[in-house]
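Structure file entry35.cif (mmCIF, C-alpha atoms and all ligand atoms) is printed below.
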```
data_model
loop_
_atom_site.group_PDB
_atom_site.id
_atom_site.type_symbol
_atom_site.label_atom_id
_atom_site.label_comp_id
_atom_site.auth_asym_id
_atom_site.auth_seq_id
_atom_site.Cartn_x
_atom_site.Cartn_y
_atom_site.Cartn_z
ATOM 1 C CA MET M 1 -9.441 14.067 -6.953
ATOM 2 C CA LYS M 2 -8.108 12.052 -4.017
ATOM 3 C CA THR M 3 -4.465 11.046 -3.956
ATOM 4 C CA ILE M 4 -3.184 7.932 -2.207
ATOM 5 C CA LEU M 5 0.569 7.853 -1.628
ATOM 6 C CA VAL M 6 2.161 4.428 -1.044
ATOM 7 C CA CYS M 7 5.657 4.752 0.393
ATOM 8 C CA ASN M 8 8.401 3.234 2.509
ATOM 9 C CA GLN M 9 12.096 3.942 2.271
ATOM 10 C CA LYS M 10 12.753 0.207 1.914
ATOM 11 C CA GLY M 11 12.305 -1.746 -1.322
ATOM 12 C CA GLY M 12 10.535 -5.086 -1.558
ATOM 13 C CA VAL M 13 7.992 -4.339 1.172
ATOM 14 C CA GLY M 14 4.901 -4.513 -1.047
ATOM 15 C CA LYS M 15 4.421 -0.907 -2.183
ATOM 16 C CA THR M 16 3.831 -1.796 -5.817
ATOM 17 C CA LEU M 17 1.692 -4.798 -4.848
ATOM 18 C CA CYS M 18 -0.527 -2.540 -2.710
ATOM 19 C CA CYS M 19 -0.887 -0.060 -5.605
ATOM 20 C CA ASP M 20 -1.919 -2.901 -7.918
ATOM 21 C CA LEU M 21 -4.419 -4.197 -5.345
ATOM 22 C CA ILE M 22 -5.960 -0.765 -4.754
ATOM 23 C CA SER M 23 -6.333 -0.435 -8.524
ATOM 24 C CA ASP M 24 -7.986 -3.883 -8.775
ATOM 25 C CA PHE M 25 -10.534 -2.983 -6.088
ATOM 26 C CA LEU M 26 -11.254 0.477 -7.531
ATOM 27 C CA THR M 27 -11.778 -1.099 -10.954
ATOM 28 C CA ALA M 28 -14.195 -3.652 -9.494
ATOM 29 C CA ASP M 29 -16.114 -0.764 -7.922
ATOM 30 C CA GLY M 30 -16.163 1.189 -11.183
ATOM 31 C CA ILE M 31 -14.177 4.048 -9.646
ATOM 32 C CA SER M 32 -12.013 5.679 -12.296
ATOM 33 C CA HIS M 33 -8.444 6.280 -11.244
ATOM 34 C CA ASN M 34 -4.932 7.142 -12.327
ATOM 35 C CA ILE M 35 -1.775 5.262 -11.428
ATOM 36 C CA VAL M 36 1.421 7.253 -11.223
ATOM 37 C CA SER M 37 4.760 5.606 -10.578
ATOM 38 C CA LEU M 38 7.639 7.681 -9.302
ATOM 39 C CA ASP M 39 9.728 4.472 -9.408
ATOM 40 C CA ALA M 40 11.250 3.652 -12.794
ATOM 41 C CA GLN M 41 11.794 0.018 -11.731
ATOM 42 C CA CYS M 42 8.470 -0.584 -10.085
ATOM 43 C CA GLY M 43 7.486 -3.814 -11.873
ATOM 44 C CA ALA M 44 3.795 -3.015 -11.487
ATOM 45 C CA LEU M 45 1.187 -5.219 -13.046
ATOM 46 C CA HIS M 46 -0.696 -2.130 -14.144
ATOM 47 C CA ASP M 47 0.927 0.257 -16.549
ATOM 48 C CA PRO M 48 0.802 3.865 -15.497
ATOM 49 C CA LYS M 49 -2.627 5.005 -16.527
ATOM 50 C CA LYS M 50 -4.605 8.166 -16.833
ATOM 51 C CA GLU M 51 -8.366 8.088 -17.081
ATOM 52 C CA ASP M 52 -10.538 11.017 -18.017
ATOM 53 C CA GLY M 53 -12.298 12.414 -14.987
ATOM 54 C CA ALA M 54 -10.443 10.094 -12.616
ATOM 55 C CA VAL M 55 -11.442 10.603 -8.983
ATOM 56 C CA VAL M 56 -8.454 8.817 -7.426
ATOM 57 C CA THR M 57 -4.741 8.893 -8.153
ATOM 58 C CA ILE M 58 -2.566 6.107 -6.751
ATOM 59 C CA VAL M 59 1.074 7.114 -6.395
ATOM 60 C CA ASP M 60 3.736 4.392 -6.208
ATOM 61 C CA THR M 61 7.172 5.462 -4.970
ATOM 62 C CA PRO M 62 10.716 4.093 -5.060
ATOM 63 C CA GLY M 63 12.321 2.382 -2.069
ATOM 64 C CA VAL M 64 14.591 5.262 -1.178
ATOM 65 C CA LEU M 65 14.032 8.382 0.820
ATOM 66 C CA LEU M 66 14.199 11.348 -1.437
ATOM 67 C CA ASP M 67 13.925 14.971 -0.425
ATOM 68 C CA ASP M 68 10.644 14.883 -2.297
ATOM 69 C CA THR M 69 9.046 12.345 0.050
ATOM 70 C CA LYS M 70 7.809 15.068 2.398
ATOM 71 C CA LYS M 71 6.386 17.020 -0.521
ATOM 72 C CA TRP M 72 4.575 13.935 -1.820
ATOM 73 C CA MET M 73 3.186 13.243 1.645
ATOM 74 C CA GLU M 74 1.942 16.794 1.986
ATOM 75 C CA ALA M 75 0.219 16.634 -1.395
ATOM 76 C CA ALA M 76 -1.497 13.289 -0.658
ATOM 77 C CA ASP M 77 -4.933 12.813 0.876
ATOM 78 C CA MET M 78 -3.930 9.496 2.394
ATOM 79 C CA ILE M 79 -0.583 7.877 3.187
ATOM 80 C CA ILE M 80 -0.114 4.110 3.123
ATOM 81 C CA ILE M 81 3.136 2.627 4.416
ATOM 82 C CA PRO M 82 3.591 -1.104 3.842
ATOM 83 C CA THR M 83 6.347 -2.774 5.838
ATOM 84 C CA LEU M 84 7.797 -6.219 6.339
ATOM 85 C CA LEU M 85 8.118 -7.407 9.912
ATOM 86 C CA GLY M 86 11.772 -8.170 10.512
ATOM 87 C CA THR M 87 14.261 -6.417 12.735
ATOM 88 C CA ARG M 88 15.948 -4.855 9.711
ATOM 89 C CA ASP M 89 12.659 -3.315 8.616
ATOM 90 C CA ILE M 90 12.566 -1.094 11.711
ATOM 91 C CA PRO M 91 15.065 1.677 10.713
ATOM 92 C CA PRO M 92 13.590 2.425 7.262
ATOM 93 C CA LEU M 93 10.050 2.317 8.664
ATOM 94 C CA GLU M 94 11.047 4.627 11.504
ATOM 95 C CA ARG M 95 12.509 7.134 9.059
ATOM 96 C CA THR M 96 9.438 6.988 6.840
ATOM 97 C CA ILE M 97 7.084 7.461 9.807
ATOM 98 C CA ALA M 98 9.216 10.368 11.064
ATOM 99 C CA ILE M 99 8.662 12.272 7.821
ATOM 100 C CA ALA M 100 4.905 11.804 8.209
ATOM 101 C CA ASP M 101 4.966 12.800 11.876
ATOM 102 C CA ASP M 102 3.370 16.228 11.654
ATOM 103 C CA LEU M 103 0.889 15.044 9.019
ATOM 104 C CA LYS M 104 -0.511 11.989 10.760
ATOM 105 C CA ASN M 105 -3.166 13.932 12.644
ATOM 106 C CA ARG M 106 -4.240 15.796 9.527
ATOM 107 C CA LYS M 107 -4.749 12.956 7.067
ATOM 108 C CA PRO M 108 -5.345 9.223 7.247
ATOM 109 C CA LEU M 109 -2.184 7.170 7.596
ATOM 110 C CA LEU M 110 -2.225 3.390 7.491
ATOM 111 C CA ILE M 111 0.665 1.032 8.208
ATOM 112 C CA ILE M 112 0.266 -2.299 6.405
ATOM 113 C CA LEU M 113 2.011 -5.108 8.274
ATOM 114 C CA ASN M 114 2.779 -7.126 5.180
ATOM 115 C CA ARG M 115 3.607 -10.791 4.572
ATOM 116 C CA TRP M 116 2.267 -11.663 7.971
ATOM 117 C CA ASN M 117 2.867 -15.324 8.833
ATOM 118 C CA ASN M 118 4.145 -17.135 11.870
ATOM 119 C CA TYR M 119 7.702 -17.219 10.613
ATOM 120 C CA SER M 120 8.274 -13.728 9.295
ATOM 121 C CA ILE M 121 7.372 -11.698 12.369
ATOM 122 C CA SER M 122 10.206 -10.770 14.629
ATOM 123 C CA LYS M 123 9.284 -10.295 18.261
ATOM 124 C CA SER M 124 11.491 -7.240 18.457
ATOM 125 C CA PHE M 125 9.608 -5.615 15.569
ATOM 126 C CA LEU M 126 6.244 -6.022 17.265
ATOM 127 C CA GLU M 127 7.557 -4.901 20.649
ATOM 128 C CA TRP M 128 9.179 -1.853 19.087
ATOM 129 C CA PHE M 129 6.080 -0.985 17.091
ATOM 130 C CA GLU M 130 3.658 -1.371 19.989
ATOM 131 C CA GLU M 131 5.848 0.698 22.271
ATOM 132 C CA LYS M 132 6.772 3.483 19.847
ATOM 133 C CA HIS M 133 3.642 3.790 17.724
ATOM 134 C CA PRO M 134 0.582 2.657 19.667
ATOM 135 C CA ASP M 135 -1.348 5.515 18.054
ATOM 136 C CA LEU M 136 -0.826 4.456 14.433
ATOM 137 C CA LYS M 137 -3.544 2.625 12.548
ATOM 138 C CA THR M 138 -2.429 -0.766 11.236
ATOM 139 C CA ALA M 139 -3.781 -3.522 9.020
ATOM 140 C CA VAL M 140 -2.338 -6.964 8.434
ATOM 141 C CA LEU M 141 -1.794 -8.410 4.954
ATOM 142 C CA PRO M 142 -0.911 -12.109 4.899
ATOM 143 C CA ASP M 143 1.709 -13.720 2.740
ATOM 144 C CA CYS M 144 -0.376 -14.960 -0.166
ATOM 145 C CA THR M 145 0.895 -16.903 -3.176
ATOM 146 C CA ALA M 146 -2.302 -16.041 -5.082
ATOM 147 C CA PHE M 147 -1.016 -12.451 -5.394
ATOM 148 C CA ASN M 148 1.974 -13.689 -7.377
ATOM 149 C CA LYS M 149 -0.043 -16.200 -9.401
ATOM 150 C CA ALA M 150 -2.559 -13.517 -10.374
ATOM 151 C CA ALA M 151 0.266 -11.139 -11.319
ATOM 152 C CA ALA M 152 1.970 -13.834 -13.412
ATOM 153 C CA GLU M 153 -1.256 -14.224 -15.372
ATOM 154 C CA GLY M 154 -1.767 -10.472 -15.597
ATOM 155 C CA MET M 155 -5.070 -10.759 -13.754
ATOM 156 C CA SER M 156 -6.826 -8.860 -11.010
ATOM 157 C CA ILE M 157 -6.740 -10.798 -7.728
ATOM 158 C CA LEU M 158 -10.526 -10.316 -7.656
ATOM 159 C CA LYS M 159 -10.896 -12.279 -10.885
ATOM 160 C CA HIS M 160 -8.104 -14.781 -10.235
ATOM 161 C CA SER M 161 -8.626 -15.704 -6.572
ATOM 162 C CA PRO M 162 -11.386 -13.639 -4.964
ATOM 163 C CA HIS M 163 -11.603 -15.982 -1.977
ATOM 164 C CA SER M 164 -7.889 -16.152 -1.218
ATOM 165 C CA LYS M 165 -6.956 -14.939 2.231
ATOM 166 C CA GLY M 166 -4.979 -12.096 0.687
ATOM 167 C CA ALA M 167 -7.952 -10.837 -1.335
ATOM 168 C CA LEU M 168 -10.304 -11.148 1.631
ATOM 169 C CA GLN M 169 -7.933 -9.285 3.912
ATOM 170 C CA PHE M 170 -7.240 -6.569 1.361
ATOM 171 C CA ALA M 171 -11.003 -6.039 1.100
ATOM 172 C CA HIS M 172 -10.868 -4.719 4.690
ATOM 173 C CA ILE M 173 -7.996 -2.403 3.816
ATOM 174 C CA TYR M 174 -9.868 -1.184 0.758
ATOM 175 C CA GLY M 175 -12.970 -0.598 2.878
ATOM 176 C CA PHE M 176 -10.906 1.629 5.159
ATOM 177 C CA ILE M 177 -9.506 3.563 2.176
ATOM 178 C CA LYS M 178 -12.977 4.045 0.737
ATOM 179 C CA THR M 179 -14.432 5.282 3.999
ATOM 180 C CA GLU M 180 -11.549 7.622 4.776
ATOM 181 C CA LEU M 181 -11.609 9.158 1.312
ATOM 182 C CA GLY M 182 -15.400 9.195 1.006
ATOM 183 C CA LEU M 183 -15.360 7.182 -2.237
ATOM 184 C CA LYS M 184 -18.569 5.891 -3.746
ATOM 185 C CA GLU M 185 -19.092 3.020 -6.162
ATOM 186 C CA GLY M 186 -19.554 3.927 -9.778
ATOM 187 C CA TRP M 187 -17.983 7.368 -9.381
ATOM 188 C CA ARG M 188 -16.570 8.562 -12.622
HETATM 189 N N1 LIG N 1 1.651 -10.267 0.999
HETATM 190 C C1 LIG N 1 2.385 -10.772 -0.004
HETATM 191 N N2 LIG N 1 2.207 -12.058 -0.401
HETATM 192 C C2 LIG N 1 2.952 -12.591 -1.414
HETATM 193 N N3 LIG N 1 3.885 -11.915 -2.091
HETATM 194 C C3 LIG N 1 4.112 -10.623 -1.745
HETATM 195 C C4 LIG N 1 3.374 -9.993 -0.692
HETATM 196 N N4 LIG N 1 3.838 -8.710 -0.586
HETATM 197 C C5 LIG N 1 4.785 -8.558 -1.531
HETATM 198 N N5 LIG N 1 4.960 -9.700 -2.218
HETATM 199 C C6 LIG N 1 5.913 -9.925 -3.334
HETATM 200 O O1 LIG N 1 7.187 -9.407 -2.964
HETATM 201 C C7 LIG N 1 7.815 -8.807 -4.076
HETATM 202 C C8 LIG N 1 8.148 -7.351 -3.756
HETATM 203 O O2 LIG N 1 6.950 -6.610 -3.647
HETATM 204 P P1 LIG N 1 6.793 -5.171 -4.307
HETATM 205 O O3 LIG N 1 5.364 -4.790 -4.208
HETATM 206 O O4 LIG N 1 7.424 -5.137 -5.662
HETATM 207 O O5 LIG N 1 7.676 -4.293 -3.297
HETATM 208 P P2 LIG N 1 8.143 -2.770 -3.430
HETATM 209 O O6 LIG N 1 7.276 -2.098 -4.437
HETATM 210 O O7 LIG N 1 7.957 -2.220 -2.038
HETATM 211 O O8 LIG N 1 9.577 -2.814 -3.818
HETATM 212 C C9 LIG N 1 6.861 -8.946 -5.249
HETATM 213 O O9 LIG N 1 7.204 -10.093 -5.982
HETATM 214 C C10 LIG N 1 5.510 -9.128 -4.562
HETATM 215 O O10 LIG N 1 4.582 -9.814 -5.348
HETATM 216 MG MG MG N 2 7.872 -1.030 -6.173
#
```
I'd like the structure from this file rewritten - as structure tokens, please.
Amino acid sequence: MKTILVCNQKGGVGKTLCCDLISDFLTADGISHNIVSLDAQCGALHDPKKEDGAVVTIVDTPGVLLDDTKKWMEAADMIIIPTLLGTRDIPPLERTIAIADDLKNRKPLLIILNRWNNYSISKSFLEWFEEKHPDLKTAVLPDCTAFNKAAAEGMSILKHSPHSKGALQFAHIYGFIKTELGLKEGWR
């Protein structure tokens, strides 16, 4: 069983969206998985689910830093930290990264620079990130209305809008997850 922890101290940064997307891609690959939400108000498209013989567990977390965050990070096989790109996103991201500091060389950690568009990125965020964390692996996820349309219809993005820029970009992120965790299609 491989556990993917999706966390950031801040709410509204795309944690639950990323969990839903990982689940959509795993489903398309026929990889059985569980979804666990530690956030009572998560608003996920997918209900918490438990499959027999699941090989992956996706863990969604609330937008607060709890004492348990470190414990969850230690228990995970991979840590994903989505963030928005404004100046006010720096302090919560910094605190979340700090908790992962001694783990980042022991397990894959990916920062998702979420809702990337020309208007949402603050120059100070990028300068801060490049200066303080040049070693961290990042991926960009664009702002994509298809994510919300698919969710409103209760559909996987891969069925609703497989060629949207969000789906295409998340395919790269999913490829990274699969490689890092050694997942294979059709695993049950
Ligand atoms: N890249 C994106 N494109 C479009 N909408 C997004 C994107 N990322 C997040 N959202 C939307 O922003 C809102 C907050 O995202 P959510 O995943 O619930 O955040 P969190 O779980 O971190 O609180 C949701 O309505 C979600 O669909
Ligand atoms: Mg959430």
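What separates CA of Glu180 (chain M) from CA of His133 (chain M) is a distance of 20.3 Å.
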Exercise for review: Starting from the shown file, work through the PyMOL selection byres (((chain M and resi 89) around 10) and not hetatm) and note down what comes out as a VMD selection string.
Suggested key: chain M and resid 8 to 10 13 83 to 88 90 to 94 122 125
Go ahead and fit an axis-aligned box to every listed atom of ligand LIG 1 (chain N) plus 6 Å each side, and pass me the centre and edge lengths in Å, one decimal, as lines of an AutoDock Vina configuration file.
```
center_x = 5.6
center_y = -7.3
center_z = -2.5
size_x = 19.9
size_y = 22.5
size_z = 19.0
```
Review point. Could you spell out the hits of the PyMOL selection byres (((chain M and resi 77) around 8) and not hetatm) on the shown file, as a list in words?
Key: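 Expected selection for the PyMOL selection byres (((chain M and resi 77) around 8) and not hetatm) here is Lys2, Thr3, Ile4, Leu5, Ala75, Ala76, Met78, Ile79, Lys107, Pro108 and Leu181 of chain M.
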Review point. Please, what distance in Å, to one decimal, runs between CA of Asn114 (chain M) and CA of Gly30 (chain M)?
Key: 26.4 Å
Leaving out Thr96 (chain M) and any residue of its chain fewer than 6 positions from it, which residues lie within 12 Å of it when counting all atoms listed in the file, given as a compact mmCIF listing (two decimals) with C-alpha atoms, in the coordinates of the input?
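around_16.txt was written with the following content:
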```txt
# COMPACT_ATOMS: atom_id res chain seq x y z
CA VAL M 6 2.16 4.43 -1.04
CA CYS M 7 5.66 4.75 0.39
CA ASN M 8 8.40 3.23 2.51
CA GLN M 9 12.10 3.94 2.27
CA LYS M 10 12.75 0.21 1.91
CA GLY M 63 12.32 2.38 -2.07
CA VAL M 64 14.59 5.26 -1.18
CA LEU M 65 14.03 8.38 0.82
CA LEU M 66 14.20 11.35 -1.44
CA ASP M 67 13.92 14.97 -0.42
CA THR M 69 9.05 12.34 0.05
CA LYS M 70 7.81 15.07 2.40
CA MET M 73 3.19 13.24 1.64
CA ILE M 79 -0.58 7.88 3.19
CA ILE M 80 -0.11 4.11 3.12
CA ILE M 81 3.14 2.63 4.42
CA PRO M 82 3.59 -1.10 3.84
CA THR M 83 6.35 -2.77 5.84
CA ASP M 89 12.66 -3.32 8.62
CA ILE M 90 12.57 -1.09 11.71
CA LEU M 103 0.89 15.04 9.02
CA LYS M 104 -0.51 11.99 10.76
CA LEU M 109 -2.18 7.17 7.60
CA ILE M 111 0.66 1.03 8.21
```
Name all residues at most 12 Å from Asp143 (chain M) (count all atoms listed in the file; drop same-chain ones fewer than 4 positions away) and give them as a tab-separated table (two decimals) with C-alpha atoms, in the frame of the given file.
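In the end it all went to around11.tsv:
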```
chain	number	residue	atom	x	y	z
M	13	VAL	CA	7.99	-4.34	1.17
M	14	GLY	CA	4.90	-4.51	-1.05
M	17	LEU	CA	1.69	-4.80	-4.85
M	84	LEU	CA	7.80	-6.22	6.34
M	85	LEU	CA	8.12	-7.41	9.91
M	113	LEU	CA	2.01	-5.11	8.27
M	114	ASN	CA	2.78	-7.13	5.18
M	115	ARG	CA	3.61	-10.79	4.57
M	116	TRP	CA	2.27	-11.66	7.97
M	117	ASN	CA	2.87	-15.32	8.83
M	118	ASN	CA	4.14	-17.14	11.87
M	119	TYR	CA	7.70	-17.22	10.61
M	120	SER	CA	8.27	-13.73	9.30
M	121	ILE	CA	7.37	-11.70	12.37
M	147	PHE	CA	-1.02	-12.45	-5.39
M	148	ASN	CA	1.97	-13.69	-7.38
M	164	SER	CA	-7.89	-16.15	-1.22
M	165	LYS	CA	-6.96	-14.94	2.23
M	166	GLY	CA	-4.98	-12.10	0.69
M	167	ALA	CA	-7.95	-10.84	-1.34
M	169	GLN	CA	-7.93	-9.28	3.91
M	170	PHE	CA	-7.24	-6.57	1.36
```
**Study point:** Surrounding residues of Ser32 (chain M) excluding itself and chain neighbours under 5 positions, 12 Å, all atoms listed in the file, as a ChimeraX atom specification
**Key:** /M:1-2,22-27,49-58,183-188
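With only C-alpha atoms and all ligand atoms as the basis for measurement, M:Lys15 is the residue among M:Lys71, M:His160, M:Lys15, M:Arg106 that approaches ligand MG 2 (chain N) most closely.
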Practice item. Check what the PyMOL selection byres (((chain M and resi 173) around 9) and not hetatm) selects in the file above and give those residues as a list in words. Key: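 Checked against the file, the PyMOL selection byres (((chain M and resi 173) around 9) and not hetatm) matches Ile22, Leu110, Ile112, Ala139, Val140, Leu141, Gln169, Phe170, Ala171, His172, Tyr174, Gly175, Phe176, Ile177 and Lys178 of chain M.
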Check your understanding: With all atoms listed in the file as the atoms that count, which of M:Leu126, M:Leu158, M:Ala98, M:Leu38 lies nearest to ligand LIG 1 (chain N)?
Key -> M:Leu38
Exercise for review: Go through M:Cys144, M:Leu21, M:Ile157, M:Leu136 one by one, measure the shortest atom-to-atom distance of each to ligand LIG 1 (chain N) using only C-alpha atoms and all ligand atoms, and give the residue with the smallest value.
Suggested key: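 Answer, going by the shortest atom-to-atom distance: M:Cys144.
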Point to revise | Proximity to ligand MG 2 (chain N) - best of M:Pro62, M:Cys18, M:Pro48, M:Trp128, all atoms listed in the file | key: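 For ligand MG 2 (chain N), the nearest of the candidates is M:Pro62.
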Check your understanding: Between CA of Arg95 (chain M) and atom MG of ligand MG 2 (chain N), what is the spacing in Å?
Key ->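 Atom MG of ligand MG 2 (chain N) sits 17.9 Å away from CA of Arg95 (chain M).
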Review point. With all atoms listed in the file as the atoms that count, which of M:Ala152, M:Ile97, M:Ala146, M:Val59 lies nearest to ligand MG 2 (chain N)?
Key: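 Closest to ligand MG 2 (chain N) of all the choices is M:Val59.
You can rank M:Ala28, M:Asn34, M:Asp60, M:Pro134 by their closest distance to ligand MG 2 (chain N) using only C-alpha atoms and all ligand atoms, and at the top of that list sits M:Asp60.
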Could I get region 64-154 of chain M from the block written as an mmCIF file, in the first residue's frame, with C-alpha atoms?
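Dumped to part-v7.cif:
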```cif
data_model
loop_
_atom_site.group_PDB
_atom_site.id
_atom_site.type_symbol
_atom_site.label_atom_id
_atom_site.label_comp_id
_atom_site.auth_asym_id
_atom_site.auth_seq_id
_atom_site.Cartn_x
_atom_site.Cartn_y
_atom_site.Cartn_z
ATOM 1 C CA VAL M 64 -4.848 24.042 9.323
ATOM 2 C CA LEU M 65 -1.622 22.883 10.838
ATOM 3 C CA LEU M 66 -2.325 20.280 13.415
ATOM 4 C CA ASP M 67 0.195 18.568 15.639
ATOM 5 C CA ASP M 68 -0.641 15.484 13.622
ATOM 6 C CA THR M 69 0.684 16.916 10.351
ATOM 7 C CA LYS M 70 4.209 15.681 11.063
ATOM 8 C CA LYS M 71 2.889 12.238 11.935
ATOM 9 C CA TRP M 72 0.877 12.091 8.709
ATOM 10 C CA MET M 73 3.919 13.175 6.715
ATOM 11 C CA GLU M 74 6.071 10.522 8.328
ATOM 12 C CA ALA M 75 3.508 7.823 7.568
ATOM 13 C CA ALA M 76 3.119 8.854 3.899
ATOM 14 C CA ASP M 77 5.098 7.501 0.960
ATOM 15 C CA MET M 78 4.717 10.746 -0.947
ATOM 16 C CA ILE M 79 3.861 14.306 0.075
ATOM 17 C CA ILE M 80 2.049 16.683 -2.268
ATOM 18 C CA ILE M 81 1.709 20.339 -1.295
ATOM 19 C CA PRO M 82 -0.525 22.443 -3.542
ATOM 20 C CA THR M 83 -0.215 26.201 -3.152
ATOM 21 C CA LEU M 84 -1.642 29.337 -4.683
ATOM 22 C CA LEU M 85 0.851 31.916 -5.873
ATOM 23 C CA GLY M 86 0.124 35.120 -4.003
ATOM 24 C CA THR M 87 2.187 36.908 -1.403
ATOM 25 C CA ARG M 88 -0.171 35.755 1.343
ATOM 26 C CA ASP M 89 0.374 32.135 0.354
ATOM 27 C CA ILE M 90 4.042 32.315 1.375
ATOM 28 C CA PRO M 91 3.759 32.012 5.216
ATOM 29 C CA PRO M 92 1.468 28.947 5.282
ATOM 30 C CA LEU M 93 3.519 27.257 2.553
ATOM 31 C CA GLU M 94 6.731 28.011 4.427
ATOM 32 C CA ARG M 95 5.342 26.457 7.598
ATOM 33 C CA THR M 96 4.127 23.383 5.740
ATOM 34 C CA ILE M 97 7.488 22.926 3.989
ATOM 35 C CA ALA M 98 9.307 23.371 7.316
ATOM 36 C CA ILE M 99 7.470 20.394 8.803
ATOM 37 C CA ALA M 100 8.541 18.272 5.831
ATOM 38 C CA ASP M 101 12.131 19.508 5.998
ATOM 39 C CA ASP M 102 13.830 16.413 7.371
ATOM 40 C CA LEU M 103 11.656 14.120 5.246
ATOM 41 C CA LYS M 104 12.182 15.684 1.841
ATOM 42 C CA ASN M 105 15.321 13.692 1.099
ATOM 43 C CA ARG M 106 13.705 10.442 2.181
ATOM 44 C CA LYS M 107 10.469 10.495 0.205
ATOM 45 C CA PRO M 108 9.149 12.241 -2.882
ATOM 46 C CA LEU M 109 7.767 15.704 -2.227
ATOM 47 C CA LEU M 110 6.042 17.719 -4.921
ATOM 48 C CA ILE M 111 4.913 21.341 -4.726
ATOM 49 C CA ILE M 112 2.004 22.054 -7.079
ATOM 50 C CA LEU M 113 1.961 25.691 -8.172
ATOM 51 C CA ASN M 114 -1.785 25.860 -8.585
ATOM 52 C CA ARG M 115 -4.113 28.165 -10.523
ATOM 53 C CA TRP M 116 -1.217 29.352 -12.601
ATOM 54 C CA ASN M 117 -2.215 32.200 -14.925
ATOM 55 C CA ASN M 118 -0.696 35.521 -15.816
ATOM 56 C CA TYR M 119 -2.709 37.399 -13.235
ATOM 57 C CA SER M 120 -2.474 35.230 -10.155
ATOM 58 C CA ILE M 121 1.294 34.953 -9.821
ATOM 59 C CA SER M 122 2.944 37.451 -7.577
ATOM 60 C CA LYS M 123 6.523 38.287 -8.448
ATOM 61 C CA SER M 124 7.470 38.197 -4.796
ATOM 62 C CA PHE M 125 6.150 34.635 -4.476
ATOM 63 C CA LEU M 126 8.281 33.370 -7.343
ATOM 64 C CA GLU M 127 11.368 35.258 -6.184
ATOM 65 C CA TRP M 128 10.938 33.933 -2.659
ATOM 66 C CA PHE M 129 10.364 30.386 -3.853
ATOM 67 C CA GLU M 130 13.308 30.325 -6.248
ATOM 68 C CA GLU M 131 15.634 31.762 -3.639
ATOM 69 C CA LYS M 132 14.519 29.697 -0.643
ATOM 70 C CA HIS M 133 13.599 26.378 -2.236
ATOM 71 C CA PRO M 134 15.552 25.839 -5.448
ATOM 72 C CA ASP M 135 15.883 22.171 -4.488
ATOM 73 C CA LEU M 136 12.160 21.390 -4.307
ATOM 74 C CA LYS M 137 10.412 19.649 -7.172
ATOM 75 C CA THR M 138 7.523 21.664 -8.606
ATOM 76 C CA ALA M 139 4.746 21.212 -11.139
ATOM 77 C CA VAL M 140 2.380 23.825 -12.499
ATOM 78 C CA LEU M 141 -1.396 23.340 -12.599
ATOM 79 C CA PRO M 142 -3.273 25.965 -14.611
ATOM 80 C CA ASP M 143 -6.497 27.619 -13.614
ATOM 81 C CA CYS M 144 -9.029 25.498 -15.463
ATOM 82 C CA THR M 145 -12.795 26.009 -15.493
ATOM 83 C CA ALA M 146 -13.270 22.440 -16.771
ATOM 84 C CA PHE M 147 -12.298 21.182 -13.291
ATOM 85 C CA ASN M 148 -15.301 22.966 -11.804
ATOM 86 C CA LYS M 149 -17.639 22.015 -14.649
ATOM 87 C CA ALA M 150 -16.684 18.348 -14.316
ATOM 88 C CA ALA M 151 -17.173 18.510 -10.539
ATOM 89 C CA ALA M 152 -20.582 20.169 -10.951
ATOM 90 C CA GLU M 153 -21.640 17.249 -13.131
ATOM 91 C CA GLY M 154 -20.074 14.715 -10.782
#
```
